[in-house]
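> Okay, here's the structure, questions in a sec.
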Amino acid sequence: MNIRTNSVTRRHALTIGGAVLASSLISPSLSIAATAGKATDAKITQVRNATLIIEYGGARFLVDPMLSEKGAFPGFPGSAHSQLRNPLVELSMPIDKIIDVDAVIATHLHPDHWDEAAKSRLAKSLPIYAQNEADAILIRRDGFSDVRVLSDSSEFNGVKLTKTEGQHGSDETLAVAGEILGKVCGVVFRHPNEKTIYLAGDTVWNRFVESSIARYKPDVIILNTGNAVVLGLDPIIMGREDVLAVHKAAPAATIIATHMEAINHCILSRADLKDFAEKQGFAGSLLIPADGEVLPV
């Protein structure tokens, strides 16, 4: 299957075939506690699904842009609630505001992370970071002229961007659908005046996430937590137990839950995750932003 995607200075201006790849509300009014000695204006805006705006180190990054109107494309075949059309909800803010960024990060090219609307609306000269050269080639074919490949030592205007590994499902799931699900990545953001942010991407809890937490000791961890279900297989992104495992690995970190209530196969709601965190005793470490909500880091 061909899954396609696109990715200094401020600029104004899947279909997944075969068997791959649900929905509600609420977000706690918590703020992320300041880290001693680090004064920052950094903030994270939950746009919709995994689409985020991360303002960090003086730069404004757009992550995994899915900019289509509500119901623009079919549900993913072979997945939960595939009769529903995606996205399930409208964008939480005007597209012109979303695309007013300095750079774009595409963790992978599935259409709920990089869609046709993003390809058409983003400025073709905008710097775009891809997870590997294979994705970068596809993005360039869509007309983007400044496509960069994430590495262990990428840097954008003083912000260090470190690629991390992820796994889009369990070992058993990848044995069945690995070619369809493909490669994914996460990113660690670092800057001398900012907290360390680890964006895990489309992954389940596994050795890659565990090792990234141990190595980078992030202050803030962004998790894709919709518990996306392909029928007959284990979930392909994190669910409640995965979030608890991350909390146990990094009990001092603030966890931000995203990738919820916007795509047909995501069956974990914000309310259910909040209730689970309260029962397990880590609700004070978890933020579950509503679409359009801005979280100061």
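Residue numbering restarts at 1 for every chain of the structure tokens, chains are lettered A, B, ... in their displayed order, and ligands are numbered from 1 as they appear.
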Would you return as a PyMOL selection string the members of stretch 48-218 of chain A that DSSP assigns to helix (DSSP H, G or I) on this structure's backbone?
chain A and resi 95-98+116-121+133-141+171-181+207-216
> Keeping only N, CA, C and O atoms, take the residues you just selected and write them out as a compact mmCIF listing (two decimals), in the first residue's frame.

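Output contents, as saved in out04.txt:
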```txt
# COMPACT_ATOMS: atom_id res chain seq x y z
N ILE A 95 -7.80 27.08 9.57
CA ILE A 95 -6.59 26.49 8.99
C ILE A 95 -5.47 27.52 8.89
O ILE A 95 -4.30 27.20 9.13
N ASP A 96 -5.78 28.75 8.54
CA ASP A 96 -4.72 29.76 8.40
C ASP A 96 -3.93 29.93 9.69
O ASP A 96 -2.72 30.18 9.65
N LYS A 97 -4.60 29.79 10.81
CA LYS A 97 -3.90 29.88 12.10
C LYS A 97 -3.05 28.64 12.34
O LYS A 97 -1.94 28.74 12.89
N ILE A 98 -3.54 27.48 11.93
CA ILE A 98 -2.81 26.23 12.15
C ILE A 98 -1.53 26.20 11.33
O ILE A 98 -0.48 25.75 11.81
N GLU A 116 -4.43 14.94 2.45
CA GLU A 116 -4.42 15.72 1.22
C GLU A 116 -4.61 17.21 1.49
O GLU A 116 -4.03 18.05 0.80
N ALA A 117 -5.40 17.54 2.49
CA ALA A 117 -5.61 18.96 2.82
C ALA A 117 -4.32 19.60 3.30
O ALA A 117 -4.01 20.75 2.96
N ALA A 118 -3.54 18.87 4.08
CA ALA A 118 -2.25 19.39 4.54
C ALA A 118 -1.32 19.62 3.36
O ALA A 118 -0.64 20.66 3.26
N LYS A 119 -1.29 18.68 2.44
CA LYS A 119 -0.42 18.80 1.27
C LYS A 119 -0.78 20.03 0.43
O LYS A 119 0.09 20.68 -0.14
N SER A 120 -2.08 20.31 0.36
CA SER A 120 -2.50 21.43 -0.49
C SER A 120 -2.43 22.78 0.21
O SER A 120 -2.22 23.80 -0.45
N ARG A 121 -2.56 22.80 1.53
CA ARG A 121 -2.63 24.09 2.24
C ARG A 121 -1.30 24.58 2.78
O ARG A 121 -1.10 25.79 2.95
N GLU A 133 14.29 8.76 4.69
CA GLU A 133 14.40 9.23 3.31
C GLU A 133 13.25 8.74 2.44
O GLU A 133 12.83 9.45 1.51
N ALA A 134 12.72 7.55 2.74
CA ALA A 134 11.59 7.05 1.96
C ALA A 134 10.39 7.99 2.07
O ALA A 134 9.74 8.31 1.05
N ASP A 135 10.09 8.45 3.28
CA ASP A 135 8.99 9.40 3.46
C ASP A 135 9.35 10.75 2.83
O ASP A 135 8.49 11.42 2.23
N ALA A 136 10.60 11.15 2.97
CA ALA A 136 11.02 12.44 2.41
C ALA A 136 10.83 12.48 0.90
O ALA A 136 10.42 13.50 0.33
N ILE A 137 11.12 11.38 0.22
CA ILE A 137 10.93 11.31 -1.23
C ILE A 137 9.47 11.54 -1.59
O ILE A 137 9.15 12.30 -2.52
N LEU A 138 8.56 10.92 -0.86
CA LEU A 138 7.13 11.09 -1.13
C LEU A 138 6.69 12.53 -0.89
O LEU A 138 5.88 13.09 -1.65
N ILE A 139 7.22 13.14 0.14
CA ILE A 139 6.86 14.53 0.44
C ILE A 139 7.38 15.46 -0.66
O ILE A 139 6.68 16.38 -1.10
N ARG A 140 8.59 15.22 -1.11
CA ARG A 140 9.13 16.03 -2.21
C ARG A 140 8.29 15.87 -3.47
O ARG A 140 8.09 16.84 -4.21
N ARG A 141 7.80 14.67 -3.72
CA ARG A 141 6.95 14.44 -4.90
C ARG A 141 5.67 15.25 -4.84
O ARG A 141 5.05 15.55 -5.87
N ASP A 171 4.37 -6.94 18.65
CA ASP A 171 5.13 -7.81 17.75
C ASP A 171 4.19 -8.71 16.95
O ASP A 171 4.40 -8.93 15.74
N GLU A 172 3.15 -9.22 17.61
CA GLU A 172 2.20 -10.10 16.94
C GLU A 172 1.42 -9.37 15.85
O GLU A 172 1.17 -9.91 14.76
N THR A 173 1.04 -8.13 16.15
CA THR A 173 0.32 -7.33 15.15
C THR A 173 1.19 -7.04 13.95
O THR A 173 0.75 -7.16 12.79
N LEU A 174 2.45 -6.67 14.19
CA LEU A 174 3.33 -6.36 13.07
C LEU A 174 3.65 -7.58 12.25
O LEU A 174 3.92 -7.48 11.04
N ALA A 175 3.65 -8.76 12.87
CA ALA A 175 3.89 -9.99 12.11
C ALA A 175 2.79 -10.20 11.07
O ALA A 175 3.03 -10.79 10.02
N VAL A 176 1.59 -9.70 11.35
CA VAL A 176 0.45 -9.86 10.44
C VAL A 176 0.32 -8.66 9.50
O VAL A 176 0.07 -8.81 8.30
N ALA A 177 0.50 -7.45 10.04
CA ALA A 177 0.19 -6.24 9.28
C ALA A 177 1.34 -5.24 9.25
O ALA A 177 1.13 -4.05 9.06
N GLY A 178 2.56 -5.72 9.42
CA GLY A 178 3.71 -4.82 9.47
C GLY A 178 3.90 -4.00 8.22
O GLY A 178 4.25 -2.82 8.28
N GLU A 179 3.68 -4.59 7.04
CA GLU A 179 3.87 -3.84 5.80
C GLU A 179 2.85 -2.72 5.67
O GLU A 179 3.14 -1.66 5.13
N ILE A 180 1.65 -2.95 6.17
CA ILE A 180 0.60 -1.94 6.10
C ILE A 180 0.85 -0.83 7.12
O ILE A 180 0.75 0.35 6.81
N LEU A 181 1.19 -1.22 8.33
CA LEU A 181 1.38 -0.23 9.40
C LEU A 181 2.66 0.56 9.22
O LEU A 181 2.72 1.75 9.52
N ARG A 207 9.84 -1.56 24.31
CA ARG A 207 11.23 -1.29 24.69
C ARG A 207 11.73 0.03 24.12
O ARG A 207 12.60 0.67 24.73
N PHE A 208 11.22 0.45 22.96
CA PHE A 208 11.67 1.70 22.37
C PHE A 208 11.23 2.89 23.22
O PHE A 208 12.01 3.82 23.47
N VAL A 209 9.99 2.87 23.66
CA VAL A 209 9.49 3.95 24.51
C VAL A 209 10.22 3.93 25.86
O VAL A 209 10.65 4.97 26.37
N GLU A 210 10.36 2.76 26.42
CA GLU A 210 11.04 2.62 27.71
C GLU A 210 12.47 3.15 27.64
O GLU A 210 12.92 3.90 28.53
N SER A 211 13.19 2.82 26.58
CA SER A 211 14.59 3.26 26.47
C SER A 211 14.68 4.76 26.20
O SER A 211 15.60 5.42 26.69
N SER A 212 13.72 5.32 25.46
CA SER A 212 13.73 6.77 25.22
C SER A 212 13.50 7.54 26.51
O SER A 212 14.15 8.57 26.77
N ILE A 213 12.60 7.05 27.35
CA ILE A 213 12.35 7.70 28.64
C ILE A 213 13.60 7.62 29.51
O ILE A 213 14.01 8.61 30.13
N ALA A 214 14.23 6.45 29.55
CA ALA A 214 15.43 6.28 30.37
C ALA A 214 16.58 7.15 29.87
O ALA A 214 17.34 7.71 30.67
N ARG A 215 16.71 7.29 28.57
CA ARG A 215 17.83 8.04 28.02
C ARG A 215 17.65 9.55 28.13
O ARG A 215 18.57 10.27 28.52
N TYR A 216 16.45 10.06 27.80
CA TYR A 216 16.27 11.51 27.70
C TYR A 216 15.62 12.12 28.93
O TYR A 216 15.61 13.34 29.08
```
> Find the residues near A:Val159: any atom within 8 Å, counting only C-alpha atoms, skip ones fewer than 3 places away on the same chain, and give them as a PyMOL selection string.
chain A and resi 56-57+59+155-156+189-191
> Kindly export the residues of the current selection with all heavy atoms, as a compact mmCIF listing (two decimals), in the first residue's frame.

```txt
# COMPACT_ATOMS: atom_id res chain seq x y z
N TYR A 56 8.09 26.27 21.03
CA TYR A 56 9.19 25.76 21.84
C TYR A 56 10.50 26.37 21.38
O TYR A 56 10.81 26.36 20.19
CB TYR A 56 9.24 24.23 21.68
CG TYR A 56 10.22 23.51 22.56
CD1 TYR A 56 9.87 23.09 23.84
CD2 TYR A 56 11.50 23.22 22.11
CE1 TYR A 56 10.76 22.39 24.65
CE2 TYR A 56 12.41 22.53 22.90
CZ TYR A 56 12.03 22.12 24.17
OH TYR A 56 12.92 21.44 24.96
N GLY A 57 11.25 26.93 22.32
CA GLY A 57 12.56 27.50 21.99
C GLY A 57 12.51 28.62 20.98
O GLY A 57 13.46 28.83 20.22
N ALA A 59 10.50 28.75 18.42
CA ALA A 59 10.00 28.26 17.13
C ALA A 59 8.61 27.67 17.30
O ALA A 59 8.22 27.26 18.38
CB ALA A 59 10.95 27.21 16.54
N GLU A 155 18.58 19.78 14.14
CA GLU A 155 18.45 21.03 14.89
C GLU A 155 17.71 22.05 14.04
O GLU A 155 17.94 22.16 12.83
CB GLU A 155 19.83 21.57 15.29
CG GLU A 155 19.75 22.78 16.20
CD GLU A 155 21.11 23.15 16.81
OE1 GLU A 155 21.94 22.24 17.01
OE2 GLU A 155 21.32 24.34 17.06
N PHE A 156 16.82 22.80 14.67
CA PHE A 156 16.07 23.85 13.99
C PHE A 156 16.09 25.10 14.84
O PHE A 156 15.51 25.12 15.93
CB PHE A 156 14.63 23.41 13.73
CG PHE A 156 13.81 24.41 12.98
CD1 PHE A 156 13.81 24.43 11.59
CD2 PHE A 156 13.06 25.36 13.66
CE1 PHE A 156 13.07 25.36 10.89
CE2 PHE A 156 12.32 26.31 12.97
CZ PHE A 156 12.32 26.30 11.58
N PHE A 189 12.29 16.92 21.91
CA PHE A 189 12.59 18.35 21.75
C PHE A 189 13.46 18.79 22.93
O PHE A 189 13.07 18.58 24.09
CB PHE A 189 11.31 19.19 21.77
CG PHE A 189 10.36 18.94 20.63
CD1 PHE A 189 9.58 17.79 20.59
CD2 PHE A 189 10.23 19.87 19.62
CE1 PHE A 189 8.69 17.57 19.55
CE2 PHE A 189 9.34 19.66 18.57
CZ PHE A 189 8.56 18.50 18.54
N ARG A 190 14.60 19.44 22.63
CA ARG A 190 15.47 19.93 23.70
C ARG A 190 16.00 21.32 23.37
O ARG A 190 16.29 21.64 22.22
CB ARG A 190 16.65 18.98 23.92
CG ARG A 190 16.27 17.66 24.58
CD ARG A 190 17.46 16.73 24.75
NE ARG A 190 17.91 16.24 23.46
CZ ARG A 190 19.03 15.53 23.28
NH1 ARG A 190 19.81 15.26 24.31
NH2 ARG A 190 19.36 15.10 22.08
N HIS A 191 16.10 22.13 24.42
CA HIS A 191 16.61 23.50 24.30
C HIS A 191 17.09 23.92 25.68
O HIS A 191 16.47 23.54 26.70
CB HIS A 191 15.49 24.44 23.81
CG HIS A 191 15.95 25.83 23.52
ND1 HIS A 191 16.09 26.79 24.50
CD2 HIS A 191 16.29 26.43 22.35
CE1 HIS A 191 16.50 27.92 23.96
NE2 HIS A 191 16.63 27.74 22.65
```
> Between atom CA of A:Ser82 and atom CA of A:Gly239, measure the distance and give it in Å to one decimal.
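Atom-to-atom, atom CA of A:Ser82 to atom CA of A:Gly239, that is 18.9 Å.
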> Fewer than 4 positions away in the same chain doesn't count, so skip those; otherwise give me all residues within 9 Å of A:Val220, counting only C-alpha atoms, as an NGL selection string.
:A and (32 or 195-199 or 253-256 or 297)
> Keeping only N, CA and C atoms, write the selected residues to a file as a tab-separated table (two decimals), in the first residue's frame.

```tsv
chain	number	residue	atom	x	y	z
A	32	ILE	N	1.13	22.56	33.70
A	32	ILE	CA	2.35	21.79	33.86
A	32	ILE	C	3.29	22.53	34.80
A	195	LYS	N	11.97	22.85	29.05
A	195	LYS	CA	11.86	21.47	29.51
A	195	LYS	C	12.03	20.52	28.32
A	196	THR	N	12.44	19.32	28.61
A	196	THR	CA	12.56	18.31	27.56
A	196	THR	C	11.20	17.69	27.30
A	197	ILE	N	10.80	17.69	26.04
A	197	ILE	CA	9.53	17.11	25.62
A	197	ILE	C	9.80	15.87	24.78
A	198	TYR	N	9.13	14.79	25.09
A	198	TYR	CA	9.21	13.56	24.30
A	198	TYR	C	7.85	13.30	23.70
A	199	LEU	N	7.76	13.40	22.38
A	199	LEU	CA	6.55	13.08	21.64
A	199	LEU	C	6.73	11.67	21.09
A	253	ALA	N	7.16	12.92	35.38
A	253	ALA	CA	6.83	13.60	34.13
A	253	ALA	C	5.34	13.91	34.04
A	254	THR	N	5.01	14.97	33.31
A	254	THR	CA	3.63	15.27	32.95
A	254	THR	C	3.33	14.58	31.63
A	255	ILE	N	2.25	13.82	31.60
A	255	ILE	CA	1.84	13.13	30.38
A	255	ILE	C	0.69	13.90	29.74
A	256	ILE	N	0.79	14.10	28.44
A	256	ILE	CA	-0.28	14.75	27.67
A	256	ILE	C	-0.86	13.71	26.71
A	297	VAL	N	3.67	24.93	28.85
A	297	VAL	CA	4.64	23.94	29.28
A	297	VAL	C	5.56	24.60	30.27
```
> Between A:Phe61, A:Phe282, A:Phe144, A:Phe73, which residue has the minimum interatomic distance to A:Val104, considering only C-alpha atoms?
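Residue with the minimum atom-to-atom distance to A:Val104: A:Phe61.
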> With a distance cut-off of 7 Å and only C-alpha atoms, select the neighbouring residues of A:Ile236, excluding the residue or stretch itself and same-chain residues fewer than 3 positions from it, and output the selection as a PyMOL selection string.
chain A and resi 168-169+203-204+227-229
> Restrict the selected residues to N, CA, C and O atoms and save them as a compact mmCIF listing (two decimals), in the first residue's frame.

```
# COMPACT_ATOMS: atom_id res chain seq x y z
N HIS A 168 4.27 0.53 15.71
CA HIS A 168 2.85 0.77 15.47
C HIS A 168 2.04 -0.50 15.72
O HIS A 168 1.30 -0.98 14.86
N GLY A 169 2.18 -1.05 16.94
CA GLY A 169 1.47 -2.27 17.31
C GLY A 169 2.41 -3.25 17.96
O GLY A 169 3.63 -3.09 17.97
N THR A 203 2.72 4.70 18.61
CA THR A 203 3.40 3.52 19.13
C THR A 203 2.63 2.97 20.30
O THR A 203 1.84 3.69 20.92
N VAL A 204 2.84 1.71 20.59
CA VAL A 204 2.38 1.13 21.84
C VAL A 204 3.54 1.16 22.83
O VAL A 204 4.68 1.45 22.47
N ASN A 227 -6.13 4.21 21.59
CA ASN A 227 -6.36 2.76 21.60
C ASN A 227 -6.96 2.30 20.27
O ASN A 227 -7.96 1.59 20.23
N ALA A 228 -6.31 2.70 19.17
CA ALA A 228 -6.83 2.40 17.84
C ALA A 228 -6.86 0.89 17.59
O ALA A 228 -5.89 0.19 17.86
N VAL A 229 -7.99 0.41 17.05
CA VAL A 229 -8.22 -1.03 16.92
C VAL A 229 -8.39 -1.43 15.46
O VAL A 229 -9.23 -0.89 14.74
```
> Find the residues around A:Ser151 up to 8 Å (only C-alpha atoms counted), leave out those fewer than 2 positions away in its own chain, and share them as a PyMOL selection string.
chain A and resi 131+149+153-154+161-163
> Those residues with C-alpha atoms, as a compact mmCIF listing (two decimals), in the first residue's frame please?

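Dumped to result37.txt:
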```txt
# COMPACT_ATOMS: atom_id res chain seq x y z
CA GLN A 131 11.16 10.18 9.68
CA VAL A 149 15.20 13.78 7.50
CA SER A 153 21.31 15.34 15.78
CA SER A 154 18.71 17.39 13.87
CA LEU A 161 15.15 17.45 17.45
CA THR A 162 16.08 13.84 18.11
CA LYS A 163 14.32 11.02 16.30
```
> Write down as a compact mmCIF listing (two decimals) with N, CA and C atoms, in the first residue's frame the residues of stretch 75-198 of chain A whose backbone DSSP state falls under strand (DSSP E or B).

```txt
# COMPACT_ATOMS: atom_id res chain seq x y z
N SER A 79 -11.15 -1.89 10.40
CA SER A 79 -10.91 -1.35 11.73
C SER A 79 -12.23 -1.08 12.44
N ASN A 86 -14.07 9.86 8.26
CA ASN A 86 -13.06 10.64 8.97
C ASN A 86 -12.81 12.00 8.32
N ALA A 103 7.97 25.33 11.01
CA ALA A 103 8.37 24.03 10.47
C ALA A 103 7.30 23.01 10.80
N VAL A 104 7.33 21.90 10.05
CA VAL A 104 6.36 20.81 10.21
C VAL A 104 7.12 19.52 10.50
N ILE A 105 6.56 18.70 11.39
CA ILE A 105 7.13 17.38 11.66
C ILE A 105 6.06 16.34 11.32
N ALA A 106 6.41 15.42 10.41
CA ALA A 106 5.51 14.33 10.04
C ALA A 106 6.11 13.04 10.57
N ILE A 128 10.00 20.81 6.28
CA ILE A 128 9.24 19.66 6.75
C ILE A 128 10.21 18.56 7.13
N TYR A 129 10.05 18.03 8.35
CA TYR A 129 10.90 16.94 8.84
C TYR A 129 10.16 15.63 8.67
N ALA A 130 10.82 14.68 7.99
CA ALA A 130 10.28 13.34 7.78
C ALA A 130 11.08 12.35 8.60
N VAL A 147 12.65 19.55 2.46
CA VAL A 147 12.30 18.37 3.23
C VAL A 147 13.56 17.80 3.87
N ARG A 148 13.52 17.64 5.17
CA ARG A 148 14.68 17.20 5.94
C ARG A 148 14.36 15.89 6.64
N VAL A 149 15.39 15.07 6.86
CA VAL A 149 15.20 13.78 7.50
C VAL A 149 15.66 13.88 8.95
N SER A 151 17.07 12.93 12.54
CA SER A 151 18.19 12.08 12.93
C SER A 151 18.41 12.22 14.43
N SER A 154 19.39 16.32 14.62
CA SER A 154 18.71 17.39 13.87
C SER A 154 18.58 18.62 14.77
N GLU A 155 18.58 19.78 14.14
CA GLU A 155 18.45 21.03 14.89
C GLU A 155 17.71 22.05 14.04
N PHE A 156 16.82 22.80 14.67
CA PHE A 156 16.07 23.85 13.99
C PHE A 156 16.09 25.10 14.84
N VAL A 159 16.78 24.58 18.42
CA VAL A 159 16.03 23.50 19.05
C VAL A 159 16.55 22.17 18.54
N LYS A 160 17.00 21.31 19.45
CA LYS A 160 17.45 19.98 19.07
C LYS A 160 16.26 19.05 18.90
N LEU A 161 16.23 18.39 17.77
CA LEU A 161 15.15 17.45 17.45
C LEU A 161 15.77 16.07 17.26
N THR A 162 15.49 15.17 18.17
CA THR A 162 16.08 13.84 18.11
C THR A 162 15.02 12.81 17.78
N LYS A 163 15.25 12.08 16.70
CA LYS A 163 14.32 11.02 16.30
C LYS A 163 14.38 9.86 17.27
N THR A 164 13.23 9.33 17.66
CA THR A 164 13.16 8.13 18.49
C THR A 164 12.39 7.05 17.75
N GLU A 165 12.63 5.81 18.12
CA GLU A 165 11.94 4.69 17.49
C GLU A 165 10.59 4.46 18.16
N CYS A 185 7.85 7.06 13.97
CA CYS A 185 8.89 7.60 14.85
C CYS A 185 8.28 8.53 15.88
N GLY A 186 9.09 8.89 16.86
CA GLY A 186 8.79 9.94 17.81
C GLY A 186 9.88 11.00 17.73
N VAL A 187 9.76 12.04 18.54
CA VAL A 187 10.74 13.12 18.53
C VAL A 187 10.94 13.63 19.95
N VAL A 188 12.19 13.86 20.31
CA VAL A 188 12.52 14.53 21.56
C VAL A 188 12.92 15.97 21.24
N PHE A 189 12.29 16.92 21.91
CA PHE A 189 12.59 18.35 21.75
C PHE A 189 13.46 18.79 22.93
N ARG A 190 14.60 19.44 22.63
CA ARG A 190 15.47 19.93 23.70
C ARG A 190 16.00 21.32 23.37
N ILE A 197 10.80 17.69 26.04
CA ILE A 197 9.53 17.11 25.62
C ILE A 197 9.80 15.87 24.78
N TYR A 198 9.13 14.79 25.09
CA TYR A 198 9.21 13.56 24.30
C TYR A 198 7.85 13.30 23.70
```
> Which one is closest to A:Ala80: A:Gly232, A:Gly292, A:Gly58, A:Pro111? Count only C-alpha atoms.
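Among the listed residues, A:Gly232 lies closest to A:Ala80.
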> Quick check, in Å to one decimal: how far apart do atom CA of A:Ile44 and atom CA of A:Ala72 lie?
25.9 Å
